[in-house]
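Coordinates as given in query13.pdb (PDB, C-alpha atoms):
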```pdb
MODEL        1
ATOM      1  CA  MET A   1      -7.229  29.382  13.282
ATOM      2  CA  ILE A   2      -3.432  29.017  13.161
ATOM      3  CA  ASN A   3      -3.484  28.946   9.349
ATOM      4  CA  ASN A   4      -5.464  32.203   9.292
ATOM      5  CA  TYR A   5      -3.069  33.776  11.792
ATOM      6  CA  LEU A   6      -0.005  32.848   9.740
ATOM      7  CA  SER A   7      -1.700  33.878   6.513
ATOM      8  CA  ASN A   8      -2.243  37.341   7.959
ATOM      9  CA  LYS A   9       1.367  37.573   9.156
ATOM     10  CA  ASN A  10       3.071  36.380   5.991
ATOM     11  CA  LYS A  11       3.592  38.637   3.007
ATOM     12  CA  LYS A  12       1.030  38.517   0.240
ATOM     13  CA  GLU A  13       1.760  38.156  -3.475
ATOM     14  CA  THR A  14       2.599  41.614  -4.794
ATOM     15  CA  ASN A  15       3.892  40.965  -8.307
ATOM     16  CA  GLU A  16       1.044  41.979 -10.607
ATOM     17  CA  LEU A  17       1.699  39.269 -13.176
ATOM     18  CA  LEU A  18       1.850  36.494 -10.577
ATOM     19  CA  VAL A  19      -1.333  37.795  -8.952
ATOM     20  CA  SER A  20      -3.087  37.771 -12.322
ATOM     21  CA  LEU A  21      -1.837  34.242 -13.095
ATOM     22  CA  ARG A  22      -3.177  32.932  -9.796
ATOM     23  CA  ARG A  23      -6.510  34.602 -10.546
ATOM     24  CA  TYR A  24      -6.523  33.068 -14.048
ATOM     25  CA  ALA A  25      -5.765  29.619 -12.623
ATOM     26  CA  ASN A  26      -8.616  29.959 -10.141
ATOM     27  CA  ASP A  27     -11.089  31.174 -12.785
ATOM     28  CA  HIS A  28     -10.137  28.484 -15.318
ATOM     29  CA  LYS A  29      -9.697  25.611 -12.850
ATOM     30  CA  VAL A  30      -6.002  25.209 -13.652
ATOM     31  CA  PRO A  31      -4.215  23.352 -10.842
ATOM     32  CA  ILE A  32      -1.123  25.310  -9.803
ATOM     33  CA  ILE A  33       1.008  25.194  -6.679
ATOM     34  CA  THR A  34      -0.480  26.923  -3.632
ATOM     35  CA  TYR A  35       0.884  30.274  -2.476
ATOM     36  CA  GLU A  36       2.235  28.590   0.652
ATOM     37  CA  GLY A  37       3.795  25.899  -1.514
ATOM     38  CA  ILE A  38       5.569  28.258  -3.929
ATOM     39  CA  ASN A  39       7.044  30.224  -1.049
ATOM     40  CA  PHE A  40       8.288  26.990   0.510
ATOM     41  CA  LEU A  41       9.792  25.916  -2.822
ATOM     42  CA  ASN A  42      11.522  29.256  -3.305
ATOM     43  CA  GLN A  43      12.993  29.021   0.190
ATOM     44  CA  ILE A  44      14.339  25.539  -0.606
ATOM     45  CA  ILE A  45      15.957  26.887  -3.780
ATOM     46  CA  LYS A  46      17.620  29.694  -1.817
ATOM     47  CA  LEU A  47      18.774  27.464   1.038
ATOM     48  CA  SER A  48      20.219  24.872  -1.329
ATOM     49  CA  ASN A  49      21.834  27.518  -3.571
ATOM     50  CA  ALA A  50      20.188  25.877  -6.583
ATOM     51  CA  SER A  51      20.953  27.750  -9.784
ATOM     52  CA  LYS A  52      19.506  25.291 -12.311
ATOM     53  CA  VAL A  53      15.990  23.907 -11.824
ATOM     54  CA  LEU A  54      14.088  21.268 -13.773
ATOM     55  CA  GLU A  55      10.303  21.440 -13.497
ATOM     56  CA  ILE A  56       8.043  18.568 -14.541
ATOM     57  CA  GLY A  57       4.678  20.158 -15.313
ATOM     58  CA  THR A  58       4.638  23.799 -16.446
ATOM     59  CA  ALA A  59       0.884  24.490 -16.546
ATOM     60  CA  ILE A  60       0.515  28.253 -17.192
ATOM     61  CA  GLY A  61       4.081  29.063 -16.116
ATOM     62  CA  TYR A  62       3.200  30.440 -12.679
ATOM     63  CA  SER A  63       5.738  28.449 -10.656
ATOM     64  CA  SER A  64       8.531  28.876 -13.224
ATOM     65  CA  ILE A  65       8.056  32.634 -13.270
ATOM     66  CA  SER A  66       7.890  32.834  -9.481
ATOM     67  CA  MET A  67      11.048  30.740  -9.051
ATOM     68  CA  VAL A  68      13.046  32.938 -11.421
ATOM     69  CA  LYS A  69      11.744  36.232 -10.054
ATOM     70  CA  ASN A  70      12.364  35.230  -6.436
ATOM     71  CA  THR A  71      15.617  33.277  -6.706
ATOM     72  CA  ASN A  72      17.274  34.232 -10.033
ATOM     73  CA  CYS A  73      17.597  30.563 -10.995
ATOM     74  CA  ILE A  74      17.428  29.203 -14.542
ATOM     75  CA  VAL A  75      14.442  26.909 -15.203
ATOM     76  CA  THR A  76      13.863  24.163 -17.731
ATOM     77  CA  SER A  77      10.216  23.081 -17.652
ATOM     78  CA  ILE A  78       8.340  20.299 -19.436
ATOM     79  CA  GLU A  79       4.650  20.481 -20.394
ATOM     80  CA  ARG A  80       2.649  17.995 -22.473
ATOM     81  CA  ASP A  81      -0.646  19.904 -22.795
ATOM     82  CA  GLU A  82      -0.565  22.182 -25.849
ATOM     83  CA  THR A  83      -3.041  24.703 -24.449
ATOM     84  CA  MET A  84      -1.080  25.016 -21.221
ATOM     85  CA  TYR A  85       2.211  25.184 -23.113
ATOM     86  CA  ASN A  86       0.994  28.069 -25.289
ATOM     87  CA  GLU A  87      -0.385  29.891 -22.246
ATOM     88  CA  ALA A  88       2.922  29.435 -20.418
ATOM     89  CA  ILE A  89       4.940  30.760 -23.358
ATOM     90  CA  LYS A  90       2.689  33.825 -23.508
ATOM     91  CA  ASN A  91       3.058  34.474 -19.779
ATOM     92  CA  ILE A  92       6.821  33.953 -19.778
ATOM     93  CA  LYS A  93       7.142  36.490 -22.600
ATOM     94  CA  ALA A  94       4.958  38.916 -20.658
ATOM     95  CA  ALA A  95       7.348  38.507 -17.733
ATOM     96  CA  GLY A  96      10.352  39.110 -19.995
ATOM     97  CA  LEU A  97      11.927  35.838 -18.873
ATOM     98  CA  GLU A  98      12.448  34.032 -22.197
ATOM     99  CA  ASP A  99      16.192  33.847 -21.481
ATOM    100  CA  ASN A 100      15.629  32.364 -18.021
ATOM    101  CA  ILE A 101      12.894  29.805 -18.669
ATOM    102  CA  ASN A 102      12.964  27.153 -21.374
ATOM    103  CA  VAL A 103       9.712  25.244 -21.824
ATOM    104  CA  ILE A 104       9.796  21.897 -23.622
ATOM    105  CA  PHE A 105       6.530  20.821 -25.272
ATOM    106  CA  ASN A 106       6.492  17.064 -24.741
ATOM    107  CA  ASP A 107       5.402  14.283 -22.428
ATOM    108  CA  ALA A 108       8.012  14.192 -19.652
ATOM    109  CA  LEU A 109       8.144  10.402 -19.896
ATOM    110  CA  LEU A 110       9.120  10.655 -23.593
ATOM    111  CA  VAL A 111      11.768  13.373 -23.320
ATOM    112  CA  ASP A 112      15.377  12.306 -23.902
ATOM    113  CA  GLU A 113      16.651  13.359 -20.499
ATOM    114  CA  THR A 114      20.284  12.761 -21.476
ATOM    115  CA  GLN A 115      20.132  15.957 -23.559
ATOM    116  CA  LEU A 116      19.055  18.218 -20.697
ATOM    117  CA  GLY A 117      22.198  18.497 -18.602
ATOM    118  CA  GLU A 118      22.530  18.615 -14.818
ATOM    119  CA  PHE A 119      20.195  20.266 -12.300
ATOM    120  CA  ASP A 120      20.509  21.353  -8.687
ATOM    121  CA  LEU A 121      16.797  20.979  -7.988
ATOM    122  CA  ILE A 122      14.012  19.001  -9.643
ATOM    123  CA  PHE A 123      10.403  19.991  -9.001
ATOM    124  CA  ILE A 124       7.799  17.332  -9.836
ATOM    125  CA  ASP A 125       4.305  18.745 -10.273
ATOM    126  CA  ALA A 126       2.744  16.694 -13.062
ATOM    127  CA  ALA A 127       0.534  13.599 -13.448
ATOM    128  CA  LYS A 128       0.312  12.263  -9.892
ATOM    129  CA  ALA A 129       0.023   8.625 -10.959
ATOM    130  CA  GLN A 130       3.435   8.859 -12.645
ATOM    131  CA  SER A 131       5.447  10.390  -9.805
ATOM    132  CA  ILE A 132       7.670   7.333  -9.279
ATOM    133  CA  LYS A 133       8.450   7.161 -13.001
ATOM    134  CA  PHE A 134       9.261  10.887 -13.082
ATOM    135  CA  PHE A 135      11.453  10.556  -9.997
ATOM    136  CA  GLU A 136      13.436   7.610 -11.350
ATOM    137  CA  LYS A 137      13.782   9.006 -14.876
ATOM    138  CA  TYR A 138      15.118  12.401 -13.853
ATOM    139  CA  GLU A 139      17.054  11.711 -10.656
ATOM    140  CA  THR A 140      19.976  10.753 -12.917
ATOM    141  CA  LEU A 141      20.305  14.466 -13.771
ATOM    142  CA  LEU A 142      20.654  15.591 -10.152
ATOM    143  CA  SER A 143      23.885  17.260  -9.076
ATOM    144  CA  ASP A 144      25.726  16.230  -5.907
ATOM    145  CA  LYS A 145      23.632  17.221  -2.876
ATOM    146  CA  GLY A 146      20.800  18.001  -5.288
ATOM    147  CA  VAL A 147      17.170  18.225  -4.147
ATOM    148  CA  ILE A 148      13.943  16.761  -5.520
ATOM    149  CA  VAL A 149      10.685  18.410  -4.454
ATOM    150  CA  THR A 150       7.362  16.722  -5.225
ATOM    151  CA  ASP A 151       3.970  18.425  -4.849
ATOM    152  CA  ASN A 152       0.376  17.229  -4.233
ATOM    153  CA  LEU A 153       1.136  14.337  -1.907
ATOM    154  CA  VAL A 154      -1.994  14.566   0.239
ATOM    155  CA  PHE A 155      -4.204  15.307  -2.775
ATOM    156  CA  HIS A 156      -6.659  17.655  -1.044
ATOM    157  CA  GLY A 157      -6.777  15.309   1.952
ATOM    158  CA  LEU A 158      -8.058  12.393  -0.111
ATOM    159  CA  VAL A 159      -5.123  10.141   0.876
ATOM    160  CA  VAL A 160      -6.806   9.700   4.270
ATOM    161  CA  ALA A 161     -10.426   9.755   3.073
ATOM    162  CA  GLU A 162     -12.800   6.924   2.225
ATOM    163  CA  ILE A 163     -13.333   7.004  -1.535
ATOM    164  CA  LYS A 164     -15.967   5.113  -3.483
ATOM    165  CA  ASP A 165     -15.097   6.223  -7.007
ATOM    166  CA  ARG A 166     -12.936   3.466  -8.496
ATOM    167  CA  ASN A 167     -10.703   5.626 -10.689
ATOM    168  CA  LEU A 168     -10.130   8.190  -7.973
ATOM    169  CA  LYS A 169      -9.367   5.428  -5.497
ATOM    170  CA  GLN A 170      -6.708   4.025  -7.850
ATOM    171  CA  LEU A 171      -5.105   7.451  -8.233
ATOM    172  CA  VAL A 172      -5.024   8.023  -4.485
ATOM    173  CA  ARG A 173      -3.511   4.569  -4.001
ATOM    174  CA  LYS A 174      -0.714   5.461  -6.432
ATOM    175  CA  ILE A 175      -0.038   8.712  -4.574
ATOM    176  CA  ASP A 176       0.126   6.795  -1.293
ATOM    177  CA  THR A 177       2.504   4.303  -2.919
ATOM    178  CA  PHE A 178       4.767   7.164  -3.997
ATOM    179  CA  ASN A 179       4.729   8.606  -0.480
ATOM    180  CA  ASP A 180       5.983   5.287   0.901
ATOM    181  CA  TYR A 181       8.494   5.040  -1.925
ATOM    182  CA  VAL A 182      10.011   8.490  -1.495
ATOM    183  CA  VAL A 183      10.574   8.332   2.254
ATOM    184  CA  ASN A 184      12.173   4.894   1.959
ATOM    185  CA  ARG A 185      14.698   5.723  -0.765
ATOM    186  CA  LYS A 186      18.032   5.189   0.989
ATOM    187  CA  GLU A 187      19.850   7.469  -1.469
ATOM    188  CA  TYR A 188      17.958  10.477  -0.123
ATOM    189  CA  ASP A 189      17.025  12.169   3.114
ATOM    190  CA  SER A 190      13.308  12.698   2.516
ATOM    191  CA  PHE A 191      10.463  14.212   4.494
ATOM    192  CA  ILE A 192       6.851  14.943   3.558
ATOM    193  CA  TYR A 193       5.647  18.319   4.825
ATOM    194  CA  GLN A 194       2.073  19.395   5.495
ATOM    195  CA  ILE A 195       2.553  22.457   3.327
ATOM    196  CA  GLY A 196       0.253  23.428   0.499
ATOM    197  CA  ASP A 197      -1.185  20.172  -0.798
ATOM    198  CA  GLY A 198       1.603  18.109   0.746
ATOM    199  CA  MET A 199       5.201  18.443  -0.448
ATOM    200  CA  SER A 200       8.170  16.118  -0.118
ATOM    201  CA  VAL A 201      11.772  17.293  -0.021
ATOM    202  CA  SER A 202      14.388  14.674  -0.931
ATOM    203  CA  ILE A 203      18.012  15.698  -0.407
ATOM    204  CA  LYS A 204      20.563  13.564  -2.227
ATOM    205  CA  ARG A 205      23.044  11.858   0.029
ATOM    206  CA  LYS A 206      26.748  11.671  -0.797
TER     207      LYS A 206
ENDMDL
END
```
I need this file expressed as C-alpha cells, please.
Amino acid sequence: MINNYLSNKNKKETNELLVSLRRYANDHKVPIITYEGINFLNQIIKLSNASKVLEIGTAIGYSSISMVKNTNCIVTSIERDETMYNEAIKNIKAAGLEDNINVIFNDALLVDETQLGEFDLIFIDAAKAQSIKFFEKYETLLSDKGVIVTDNLVFHGLVVAEIKDRNLKQLVRKIDTFNDYVVNRKEYDSFIYQIGDGMSVSIKRK
C-alpha cells in the first residue's frame, strides 16, 4: 500500500527514449535497474557531486543515459555481452551522448583498470556472483570520499527464501556473502537499502 502511494506521488519517467528503453527491457527480458533504483542512484550522484562515473554492466545503456541526462556526469561503462554492447551503442547515439558515455566492450574482470583513470562514483550492476571481485578490482580507482553503489543485493527477495535449485542456491549464497563483505569493510561507511532490488552505498572514509 505504501509503495503504491509513493509511486503515485513521485514523478514518472517522461523522457521518451528512457521510457522506450524500459519498455524494450521489459519486452526482451533484459535486467535493468528499477525506476526507483535509478532515481536513488541519480540522487546519490548529485549529493556526492560526482562528475566521473564508472559503471560495471552497461546492458542496453539505460542507466548510463539516465545518469548523464539527470546529473550531467561523464560515464565510462563496461559490457561483456556483444548483443547488449551493440544495443547500448545504438541507444547512446540516439540520445546524442557519444561524447558523454564511453562503453568498453570487454569482461570487466579482464579490463586493465590502470588505464581508466579516477572516478567519483562506481556503480556495480553486473554478474552478481562476481561482486566482491568487481569491488576489489575497481575500488583502487575511487577518488577521495568516492562512493561505490552496488545493485541487486536482495535478488528479488531470494536472499531470504528457501531455494531448492542448486545453482540458484549457490548464486544467492554468493550475494549474501557480498552483503556481509560490503557492510564490514572498515575502509567504507556502507549501508544496504531496501530500494529497487536492494542497493548498497559505500562511502570511502578518509
Check: Distance CA of Glu118 in chain A-CA of Asn184 in chain A, one decimal place?
Finding: 24.0 Å
Margin query: Env of range 140-142 of chain A: 8 Å cut, atoms = only C-alpha atoms, seq-sep filter 4 positions within chain, self excluded. Answer as a list in words.
Written below: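 Once the nearby chain positions are removed, what remains is Glu113, Thr114, Leu116, Gly117, Glu118, Phe119, Asp120, Leu121, Ile122, Glu136, Gly146 and Val147 of chain A.
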Margin query: Restricting the calculation to only C-alpha atoms: of A:Ser66, A:Asn3, A:Phe123, A:Ala88, which residue gets closest to Val30 in chain A?
Written below: A:Ala88
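Shortest separation to Ala59 in chain A among A:Ser7, A:Gln115, A:Gln170, A:Ser77 occurs at residue A:Ser77, atoms counted being all atoms listed in the file.
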Item checked: Pick from A:Val149, A:Val172, A:Ile60, A:Ile195, whichever lies nearest to Leu21 in chain A using all atoms listed in the file ->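 Of A:Val149, A:Val172, A:Ile60, A:Ile195, the one nearest Leu21 in chain A, counting all atoms listed in the file, is A:Ile60.
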Checklist line | Interatomic distance, CA of Leu18 in chain A to CA of Thr71 in chain A (Å, one decimal) | finding: 14.7 Å
Residues matched by the PyMOL selection byres ((chain A and resi 203) around 10), written as an mmCIF file with C-alpha atoms, in the frame of the given file:
```cif
data_model
loop_
_atom_site.group_PDB
_atom_site.id
_atom_site.type_symbol
_atom_site.label_atom_id
_atom_site.label_comp_id
_atom_site.auth_asym_id
_atom_site.auth_seq_id
_atom_site.Cartn_x
_atom_site.Cartn_y
_atom_site.Cartn_z
ATOM 1 C CA SER A 48 20.219 24.872 -1.329
ATOM 2 C CA LEU A 121 16.797 20.979 -7.988
ATOM 3 C CA ASP A 144 25.726 16.230 -5.907
ATOM 4 C CA LYS A 145 23.632 17.221 -2.876
ATOM 5 C CA GLY A 146 20.800 18.001 -5.288
ATOM 6 C CA VAL A 147 17.170 18.225 -4.147
ATOM 7 C CA ILE A 148 13.943 16.761 -5.520
ATOM 8 C CA VAL A 149 10.685 18.410 -4.454
ATOM 9 C CA GLU A 187 19.850 7.469 -1.469
ATOM 10 C CA TYR A 188 17.958 10.477 -0.123
ATOM 11 C CA ASP A 189 17.025 12.169 3.114
ATOM 12 C CA SER A 190 13.308 12.698 2.516
ATOM 13 C CA PHE A 191 10.463 14.212 4.494
ATOM 14 C CA SER A 200 8.170 16.118 -0.118
ATOM 15 C CA VAL A 201 11.772 17.293 -0.021
ATOM 16 C CA SER A 202 14.388 14.674 -0.931
ATOM 17 C CA LYS A 204 20.563 13.564 -2.227
ATOM 18 C CA ARG A 205 23.044 11.858 0.029
ATOM 19 C CA LYS A 206 26.748 11.671 -0.797
#
```
Note to self: Would you pick out the contacts of Glu79 in chain A at 8 Å or less, using all atoms listed in the file, so that residues sharing its chain but fewer than 5 positions from it are not included, and give the list as a count of residues only?
What the structure shows: 12
Item checked: Point-to-point distance from CA of Asp151 in chain A to CA of Arg173 in chain A, Å rounded to tenths -> 15.8 Å
Next item on the list: Step by step, work through what the PyMOL selection byres ((chain A and resi 42) around 12) selects in the shown file, and finish by giving those residues as a PyMOL selection string.
Entry: chain A and resi 33+35-41+43-51+53+63-73+121+123+149
